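Text of query.pdb, listed as PDB, C-alpha atoms:
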```pdb
ATOM      1  CA  MET A   1       6.716  10.299  -2.834  1.00  0.00           C
ATOM      2  CA  PHE A   2       6.083   6.601  -3.454  1.00  0.00           C
ATOM      3  CA  ALA A   3       6.971   5.903   0.179  1.00  0.00           C
ATOM      4  CA  LEU A   4       4.254   8.268   1.391  1.00  0.00           C
ATOM      5  CA  VAL A   5       1.694   6.689  -0.939  1.00  0.00           C
ATOM      6  CA  ALA A   6       2.740   3.228   0.243  1.00  0.00           C
ATOM      7  CA  VAL A   7       2.370   4.237   3.889  1.00  0.00           C
ATOM      8  CA  ALA A   8      -1.060   5.735   3.193  1.00  0.00           C
ATOM      9  CA  CYS A   9      -2.242   2.620   1.337  1.00  0.00           C
ATOM     10  CA  ILE A  10      -0.951   0.280   4.021  1.00  0.00           C
ATOM     11  CA  THR A  11      -2.577   2.428   6.731  1.00  0.00           C
ATOM     12  CA  VAL A  12      -5.909   2.346   4.894  1.00  0.00           C
ATOM     13  CA  ALA A  13      -5.603  -1.426   4.482  1.00  0.00           C
ATOM     14  CA  ILE A  14      -4.867  -1.922   8.197  1.00  0.00           C
ATOM     15  CA  VAL A  15      -7.672   0.414   9.294  1.00  0.00           C
ATOM     16  CA  GLY A  16     -10.044  -1.391   6.941  1.00  0.00           C
ATOM     17  CA  MET A  17      -9.112  -4.754   8.445  1.00  0.00           C
ATOM     18  CA  VAL A  18      -9.478  -3.496  12.022  1.00  0.00           C
ATOM     19  CA  THR A  19     -12.773  -1.625  11.615  1.00  0.00           C
ATOM     20  CA  GLY A  20     -14.486  -4.233   9.486  1.00  0.00           C
ATOM     21  CA  ARG A  21     -13.139  -5.428   6.211  1.00  0.00           C
ATOM     22  CA  PRO A  22     -13.935  -3.430   3.130  1.00  0.00           C
ATOM     23  CA  GLY A  23     -15.569  -5.428   0.369  1.00  0.00           C
ATOM     24  CA  ASP A  24     -13.444  -8.227  -1.015  1.00  0.00           C
ATOM     25  CA  ARG A  25     -12.740  -6.332  -4.233  1.00  0.00           C
ATOM     26  CA  ALA A  26     -11.883  -3.050  -2.456  1.00  0.00           C
ATOM     27  CA  GLY A  27      -9.678  -4.852   0.062  1.00  0.00           C
ATOM     28  CA  THR A  28      -7.797  -6.645  -2.698  1.00  0.00           C
ATOM     29  CA  VAL A  29      -7.297  -3.438  -4.680  1.00  0.00           C
ATOM     30  CA  ILE A  30      -6.011  -1.606  -1.579  1.00  0.00           C
ATOM     31  CA  ARG A  31      -3.532  -4.404  -0.835  1.00  0.00           C
ATOM     32  CA  ILE A  32      -2.318  -4.596  -4.453  1.00  0.00           C
ATOM     33  CA  VAL A  33      -1.811  -0.815  -4.619  1.00  0.00           C
ATOM     34  CA  ALA A  34       0.039  -0.878  -1.287  1.00  0.00           C
ATOM     35  CA  VAL A  35       2.349  -3.671  -2.456  1.00  0.00           C
ATOM     36  CA  LEU A  36       3.020  -1.984  -5.815  1.00  0.00           C
ATOM     37  CA  CYS A  37       3.864   1.302  -4.088  1.00  0.00           C
ATOM     38  CA  PHE A  38       6.158  -0.516  -1.680  1.00  0.00           C
ATOM     39  CA  VAL A  39       7.945  -2.272  -4.551  1.00  0.00           C
ATOM     40  CA  ALA A  40       8.293   1.022  -6.451  1.00  0.00           C
ATOM     41  CA  THR A  41       9.748   2.608  -3.317  1.00  0.00           C
ATOM     42  CA  VAL A  42      12.321  -0.146  -2.924  1.00  0.00           C
ATOM     43  CA  VAL A  43      13.309   0.024  -6.609  1.00  0.00           C
ATOM     44  CA  LEU A  44      13.677   3.821  -6.528  1.00  0.00           C
ATOM     45  CA  ASN A  45      15.682   3.604  -3.310  1.00  0.00           C
ATOM     46  CA  ILE A  46      18.071   1.085  -4.881  1.00  0.00           C
ATOM     47  CA  ALA A  47      18.368   3.197  -8.041  1.00  0.00           C
ATOM     48  CA  ALA A  48      19.113   6.322  -5.985  1.00  0.00           C
ATOM     49  CA  HIS A  49      22.143   4.671  -4.407  1.00  0.00           C
TER      50      HIS A  49
END
```
For the file at hand, write its structure as structure tokens.
Amino acid sequence: MFALVAVACITVAIVGMVTGRPGDRAGTVIRIVAVLCFVATVVLNIAAH
């Protein structure tokens, strides 16, 4: 689940950068959420093994 959220957040961040950056605050929030989801995914993956 976290992996799908991370992929969605990263996709939104990349699309935002390509099509014209979102506002500084929105761009920062999107990147922070993407990184947090990615970290949560890695931690859950390690815990599952």
**Message:** Excluding Cys37 (chain A) and its own-chain neighbours fewer than 6 positions away, which residues fall within 10 Å of it when counting all atoms listed in the file? Please give them as number ranges by chain.
**Reply:** A: 1-10, 31, 43
**Between CA of Ile30 (chain A) and CA of Val12 (chain A), distance in Å (one decimal)** =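 Distance reported for this atom pair: 7.6 Å.
Taking CA of Ala40 (chain A) and CA of Thr11 (chain A) as endpoints, the distance between them is 17.1 Å.
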**Item:** Atom-to-atom span, CA of Ala34 (chain A) and CA of Val15 (chain A), Å
**Value:**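 Between CA of Ala34 (chain A) and CA of Val15 (chain A) the gap is 13.2 Å.
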Given 5 Å of margin on each side, can you work out the centre and size in Å (one decimal) of an axis-aligned box holding every listed atom of region 37-46 of chain A, as AutoDock Vina command-line options?
```
--center_x 11.0 --center_y 0.8 --center_z -4.1 --size_x 24.2 --size_y 16.1 --size_z 14.9
```
